[in-house]
Amino acid sequence: MFGGNSHKMVAGTKALGLLLLASASATMTLAPSAQAQPAGQRSFNIAAQPLTEAIMQFGRQSGLQVTADTRLVAGKTGAAVSGNHAPAEALSMLLAGTGLTFRFTSRTTAILEPAPHASVDAVQLGPVRVEGAQGAGLVASSDPGATEGTGSYAPTKVTVGKSAQSLREIPQSVSVITRKRMDDQNMTTVSEALDQVTGVRSFGYERQEQYIIRGYAANAQYNGVPQQEGSDKASSNTDDLAFFDRIEVLRGPSGLLTGSGEPGGTINYVRKRPTDVLAIAGLASIGSWDRYRGEIDVGGPVTASGNLRARIVGVYQDEDKYYDVGFNKDRGIYGVVEYDLTPRTTIGVSGIYSQRKFINSFGLPLYDDNSVPARGSFTGSDATSRQRSREMFVDLSHDFGGDWSFKAAYSLRRLDYGGYSVFPGDAIDRETGLVPSLSAGRVEQETKWHSFDAHVTGPLHLFGRTHDLTFGVNRSRYDFIGGTKFVNPGAWDVLNDHDLSAIIDENITYRYETVTAQTGFYGSARIRLADPLTIVLGGRLTNFKIKDRDVVPEVTPWIDSSAKSSGRFTPYAGVVLDVTDQLTLYASYTDTFVPQTAQDVNNRTLAPRVGWQMETGVKGSFFNDALNASVALFRIHDSNRAIVDEVNVGCGGTIDGTCSRAAGKVRSQGVEVDIGGSPLPGWDITLGYTYNQQKYLSDTDPTNVGQRFLPAQSPEQMFKLWTQFDLGKAGVQGWASGLNIGGGVQAQSNMYTDLVRQNAYAIVNAKAGYRVSENWDLSLVVNNLFDRTYLRIPGYAIFYNIYGEPRNFRLTLRGKI
């Protein structure tokens, strides 16, 4: 759908958007299918048809990416291919009589070329050549958007929606952290990755962060399946980054996908899938503060035919902290198995088990003169907290033929936490070093997420054009059980005395349970009005409810919250216009709603937050799709947000007696610039700039009107740059061909609370790497190169005030077989 000229080709739902006309010698790119495995024989069922459509079907059934000058394939017919064949054999059969041949440029990519001395009637193809296959890396065979092994910062497809689409097909801003980007910067945690994404900022305690987009907490998906969250957890993710192929970020409301949810955006965490060939990879890393890490990753076909594939990833990491007291120990394992029940049906089963031991840090209290203690300070208990995570994920996909397909997925995640929390009762007396009181105690939490999604997608041929339809249902449930027991020992030297074992009472006498459930039915249509013009229409009906009860000291009956919705309709509309072969204009509109549990002084639950977003912009793909770029303008209106009622207290319907009130209307608006990819061989770059102005438009407190909304949560401006240059890929010969160097900047404007202000700052990161051999790579990454001291999160008298990490390094050796 990207071109507006005579070279434009359309062949059904999965093929749409795969033909990228970048110039007079445009290329066609085909994404791997859900059942592809080039390593062994595959089942093919391709009818004789125009070569363009035939090659697209071949790409879906083989898992290969095939590129071709559109002038080569125009007017040609592909031969029928059926039965079990190796992908190369099948492609040779398909090209019989076309006068074309092909050569592999990696294990999973091939390019079509004129056969030597061949005519259109020729049956025999020229020799097949393979280039660069050894460097292709691990490539997931069943994920059409897989970035692993591509060696690119620019994804060809994303799956944050219900089908694989290019960035230019989606009328909203989308960014992707690819596997290569994670590896280049030696990232290990989700927060490290998302803090590099345009418009995203982590907020919260370590490994409990929420991710803020356009001023709001993001929603979460796992492998495209929406996950229901409690208001305190939103998009938090504790998984190790080694388990992921990529992280996709859609900015702006996603009510069509998730139903109720914050209007900022959605993060889709996409995990690795089994590889197309047997491959073994791993790493060993050392770093600042006694940081040691190891990974092992093994995947490939289990059977000779490749119909059974598996993969396992293991992680071990120990580290101390830059502050006085602190450590973190991680152990994790991820496994996934795929099996082709039939040539058209594939089932996948995966699981995660991880455990973490650590010392909790909730930031620093202030001194009584509102100054912040030194960067290396710590307040809290030196007792070890523990967290355990388990997950099971099952998916089933089926190809009906005619480009119609079905996919269903179910996941069960469980997170168990037992830890120690310490909060001073007030600021620290600078003369004595004491706080007047202390709240110290034990916290236990058990959280379960049940998530299910099933949908069918396919083309509708009408009025001489092909349109795409999607229909589906999803259900998610969030089940939380929590309890605490706190004591107050009186005045305490919080900066120096961390042994609280004698006073913390672990006998938790009260626990409560809350369940949030959501069911939605959704549908969307991509309607092609003309070659360059597509409109997207969709909607979702959502049922939402919350209930809670006490479980300790005794189980009480469930109480249904009045914070519920039945048959709530969320509309979505978008338009996409391809103005040139490289540029696309787009615009979109969607509604938002977020049910609330907060209650007012009359013990009545506040009405849901409601609002809308309008977004418009331009997207482009350049250098044969090696570089993506976009500019977006957006405006979000959000009404009825619950805030603390500072006048009325003692609401009996809430746990702590706090009353809330409607916050009126808030507007978030701004501009985003996002660039990522490779403008030249060996040169990778990502650049993001965000300007986001959030203000109160109306509020029950008139002094808030016109003021900045949540200035401690996100800055108005963010600038993010990372670039890397690989001398070998740029054509440098000799020993220097193994060198790669990189660097980046993360800068932002001010953030503040009533007591603390963090002015604008910038930190610089750098990298030097050397490819020792084809299979071994050594890299050194230095973060905060100039050792800038800054508050990552400004805070209040008793908590937050969290510093960013001082200068630190990570030395990593990677190997593969």
# chains A, B, ... in the order shown; residues from 1 in each chain; ligands from 1
$ residues_around --residues "A:Glu262" --least-positions-apart "6" --cutoff "12 Å" --atoms "only C-alpha atoms" --output "JSON, numbers by chain"
{"A": [210, 211, 212, 213, 214, 215, 216, 217, 218, 219, 220, 228, 229, 230, 231, 233, 234, 235, 251, 252, 253, 254, 255, 591, 592, 593, 594, 595, 596, 608, 609, 610, 611, 612, 613, 636, 637, 638, 639, 641]}
$ residues_around --residues "A:Pro679" --least-positions-apart "5" --cutoff "10 Å" --atoms "only C-alpha atoms" --output "PDB file with all heavy atoms, in the first residue's frame"
ATOM      1  N   PHE A 622      13.522   4.796   3.910  1.00  0.00           N
ATOM      2  CA  PHE A 622      14.537   5.217   2.966  1.00  0.00           C
ATOM      3  C   PHE A 622      15.651   4.175   2.874  1.00  0.00           C
ATOM      4  O   PHE A 622      15.745   3.273   3.703  1.00  0.00           O
ATOM      5  CB  PHE A 622      15.124   6.567   3.401  1.00  0.00           C
ATOM      6  CG  PHE A 622      14.078   7.613   3.681  1.00  0.00           C
ATOM      7  CD1 PHE A 622      13.641   7.830   4.986  1.00  0.00           C
ATOM      8  CD2 PHE A 622      13.509   8.341   2.660  1.00  0.00           C
ATOM      9  CE1 PHE A 622      12.673   8.789   5.256  1.00  0.00           C
ATOM     10  CE2 PHE A 622      12.542   9.302   2.919  1.00  0.00           C
ATOM     11  CZ  PHE A 622      12.119   9.522   4.210  1.00  0.00           C
ATOM     12  N   PHE A 623      16.496   4.337   1.863  1.00  0.00           N
ATOM     13  CA  PHE A 623      17.641   3.445   1.656  1.00  0.00           C
ATOM     14  C   PHE A 623      17.192   1.987   1.622  1.00  0.00           C
ATOM     15  O   PHE A 623      17.701   1.143   2.356  1.00  0.00           O
ATOM     16  CB  PHE A 623      18.699   3.661   2.749  1.00  0.00           C
ATOM     17  CG  PHE A 623      19.160   5.086   2.887  1.00  0.00           C
ATOM     18  CD1 PHE A 623      18.690   5.878   3.922  1.00  0.00           C
ATOM     19  CD2 PHE A 623      20.032   5.641   1.963  1.00  0.00           C
ATOM     20  CE1 PHE A 623      19.091   7.193   4.051  1.00  0.00           C
ATOM     21  CE2 PHE A 623      20.443   6.960   2.088  1.00  0.00           C
ATOM     22  CZ  PHE A 623      19.978   7.740   3.131  1.00  0.00           C
ATOM     23  N   ASN A 624      16.216   1.714   0.739  1.00  0.00           N
ATOM     24  CA  ASN A 624      15.664   0.358   0.627  1.00  0.00           C
ATOM     25  C   ASN A 624      15.169  -0.157   1.975  1.00  0.00           C
ATOM     26  O   ASN A 624      15.413  -1.305   2.360  1.00  0.00           O
ATOM     27  CB  ASN A 624      16.696  -0.599   0.029  1.00  0.00           C
ATOM     28  CG  ASN A 624      16.938  -0.334  -1.436  1.00  0.00           C
ATOM     29  OD1 ASN A 624      16.042   0.084  -2.163  1.00  0.00           O
ATOM     30  ND2 ASN A 624      18.165  -0.544  -1.871  1.00  0.00           N
ATOM     31  N   ASP A 625      14.468   0.717   2.681  1.00  0.00           N
ATOM     32  CA  ASP A 625      13.835   0.395   3.966  1.00  0.00           C
ATOM     33  C   ASP A 625      14.831   0.138   5.085  1.00  0.00           C
ATOM     34  O   ASP A 625      14.465  -0.422   6.125  1.00  0.00           O
ATOM     35  CB  ASP A 625      12.906  -0.809   3.827  1.00  0.00           C
ATOM     36  CG  ASP A 625      11.902  -0.629   2.714  1.00  0.00           C
ATOM     37  OD1 ASP A 625      11.352   0.472   2.605  1.00  0.00           O
ATOM     38  OD2 ASP A 625      11.689  -1.593   1.952  1.00  0.00           O
ATOM     39  N   ALA A 626      16.081   0.559   4.899  1.00  0.00           N
ATOM     40  CA  ALA A 626      17.068   0.402   5.960  1.00  0.00           C
ATOM     41  C   ALA A 626      16.936   1.473   7.029  1.00  0.00           C
ATOM     42  O   ALA A 626      17.496   1.340   8.122  1.00  0.00           O
ATOM     43  CB  ALA A 626      18.483   0.432   5.379  1.00  0.00           C
ATOM     44  N   LEU A 627      16.204   2.546   6.735  1.00  0.00           N
ATOM     45  CA  LEU A 627      16.049   3.647   7.681  1.00  0.00           C
ATOM     46  C   LEU A 627      14.580   4.071   7.733  1.00  0.00           C
ATOM     47  O   LEU A 627      13.963   4.336   6.697  1.00  0.00           O
ATOM     48  CB  LEU A 627      16.911   4.840   7.263  1.00  0.00           C
ATOM     49  CG  LEU A 627      16.870   6.060   8.199  1.00  0.00           C
ATOM     50  CD1 LEU A 627      17.691   5.777   9.457  1.00  0.00           C
ATOM     51  CD2 LEU A 627      17.403   7.302   7.490  1.00  0.00           C
ATOM     52  N   ASN A 628      14.022   4.135   8.938  1.00  0.00           N
ATOM     53  CA  ASN A 628      12.660   4.620   9.142  1.00  0.00           C
ATOM     54  C   ASN A 628      12.703   5.981   9.829  1.00  0.00           C
ATOM     55  O   ASN A 628      13.578   6.235  10.669  1.00  0.00           O
ATOM     56  CB  ASN A 628      11.854   3.652  10.016  1.00  0.00           C
ATOM     57  CG  ASN A 628      11.661   2.299   9.366  1.00  0.00           C
ATOM     58  OD1 ASN A 628      11.391   2.219   8.173  1.00  0.00           O
ATOM     59  ND2 ASN A 628      11.802   1.237  10.149  1.00  0.00           N
ATOM     60  N   ASP A 684      24.764   2.644  12.038  1.00  0.00           N
ATOM     61  CA  ASP A 684      23.447   2.512  12.653  1.00  0.00           C
ATOM     62  C   ASP A 684      23.187   3.737  13.520  1.00  0.00           C
ATOM     63  O   ASP A 684      24.085   4.231  14.206  1.00  0.00           O
ATOM     64  CB  ASP A 684      23.372   1.254  13.524  1.00  0.00           C
ATOM     65  CG  ASP A 684      23.542  -0.016  12.721  1.00  0.00           C
ATOM     66  OD1 ASP A 684      22.778  -0.202  11.765  1.00  0.00           O
ATOM     67  OD2 ASP A 684      24.436  -0.810  13.054  1.00  0.00           O
ATOM     68  N   ILE A 685      21.936   4.192  13.492  1.00  0.00           N
ATOM     69  CA  ILE A 685      21.611   5.376  14.264  1.00  0.00           C
ATOM     70  C   ILE A 685      20.148   5.343  14.705  1.00  0.00           C
ATOM     71  O   ILE A 685      19.286   4.852  13.977  1.00  0.00           O
ATOM     72  CB  ILE A 685      21.880   6.666  13.452  1.00  0.00           C
ATOM     73  CG1 ILE A 685      21.641   7.914  14.308  1.00  0.00           C
ATOM     74  CG2 ILE A 685      21.037   6.697  12.185  1.00  0.00           C
ATOM     75  CD1 ILE A 685      22.083   9.208  13.643  1.00  0.00           C
TER      76      ILE A 685
END
$ closest_residue --among "A:Trp722, A:Tyr353, A:Trp683, A:Phe452" --to "A:Gln221" --atoms "only C-alpha atoms"
A:Phe452
$ residues_around --residues "stretch 543-546 of chain A" --least-positions-apart "5" --cutoff "8 Å" --atoms "only C-alpha atoms" --output "list of chain:residue names"
A:Ser260, A:Thr514, A:Val515, A:Thr516, A:Ala517, A:Gln518, A:Thr519, A:Gly520, A:Asp560, A:Ser561, A:Ser562, A:Ala563, A:Lys564, A:Ser565, A:Ser566, A:Gly567, A:Arg568, A:Pro595
$ closest_residue --among "A:Pro343, A:Gly490, A:Gly264, A:Gly472" --to "A:Ala409" --atoms "only C-alpha atoms"
A:Gly472
$ closest_residue --among "A:Tyr417, A:Tyr770, A:Tyr752, A:Trp404" --to "A:Leu739" --atoms "only C-alpha atoms"
A:Tyr770
$ closest_residue --among "A:Val176, A:Leu257, A:Leu341, A:Val536" --to "A:Ser476" --atoms "only C-alpha atoms"
A:Leu257
$ residues_around --residues "A:Thr690" --least-positions-apart "2" --cutoff "6 Å" --atoms "only C-alpha atoms" --output "VMD selection string"
chain A and resid 199 671 to 672 717 to 718
$ residues_around --residues "stretch 550-555 of chain A" --least-positions-apart "3" --cutoff "9 Å" --atoms "only C-alpha atoms" --output "number ranges by chain"
A: 481, 483, 508-514, 558
$ atom_distance --atom1 "atom CA of A:Ser305" --atom2 "atom CA of A:Lys272"
21.2 Å
$ closest_residue --among "A:Leu462, A:Ala164, A:Val337, A:Ala242" --to "A:Asp183" --atoms "only C-alpha atoms"
A:Ala242
$ residues_around --residues "A:Leu633" --least-positions-apart "4" --cutoff "9 Å" --atoms "only C-alpha atoms" --output "list in words"
Met614, Glu615, Thr616, Gly617, Gln669, Gly670, Val671 and Glu672 of chain A
$ write_last_selection --atoms "C-alpha atoms" --output "short mmCIF file (atom, residue, chain, number, x, y, z; two decimals), in the first residue's frame"
data_model
loop_
_atom_site.label_atom_id
_atom_site.label_comp_id
_atom_site.auth_asym_id
_atom_site.auth_seq_id
_atom_site.Cartn_x
_atom_site.Cartn_y
_atom_site.Cartn_z
CA MET A 614 -5.97 13.11 17.71
CA GLU A 615 -2.66 12.46 15.97
CA THR A 616 -1.28 13.33 12.58
CA GLY A 617 2.11 13.03 11.02
CA GLN A 669 0.00 17.82 23.39
CA GLY A 670 3.24 17.98 21.53
CA VAL A 671 5.50 16.76 18.77
CA GLU A 672 7.71 13.68 18.35
#
$ atom_distance --atom1 "atom CA of A:Val336" --atom2 "atom CA of A:Gly351"
6.5 Å
$ residues_around --residues "A:Asp184" --least-positions-apart "4" --cutoff "10 Å" --atoms "only C-alpha atoms" --output "count of residues only"
13
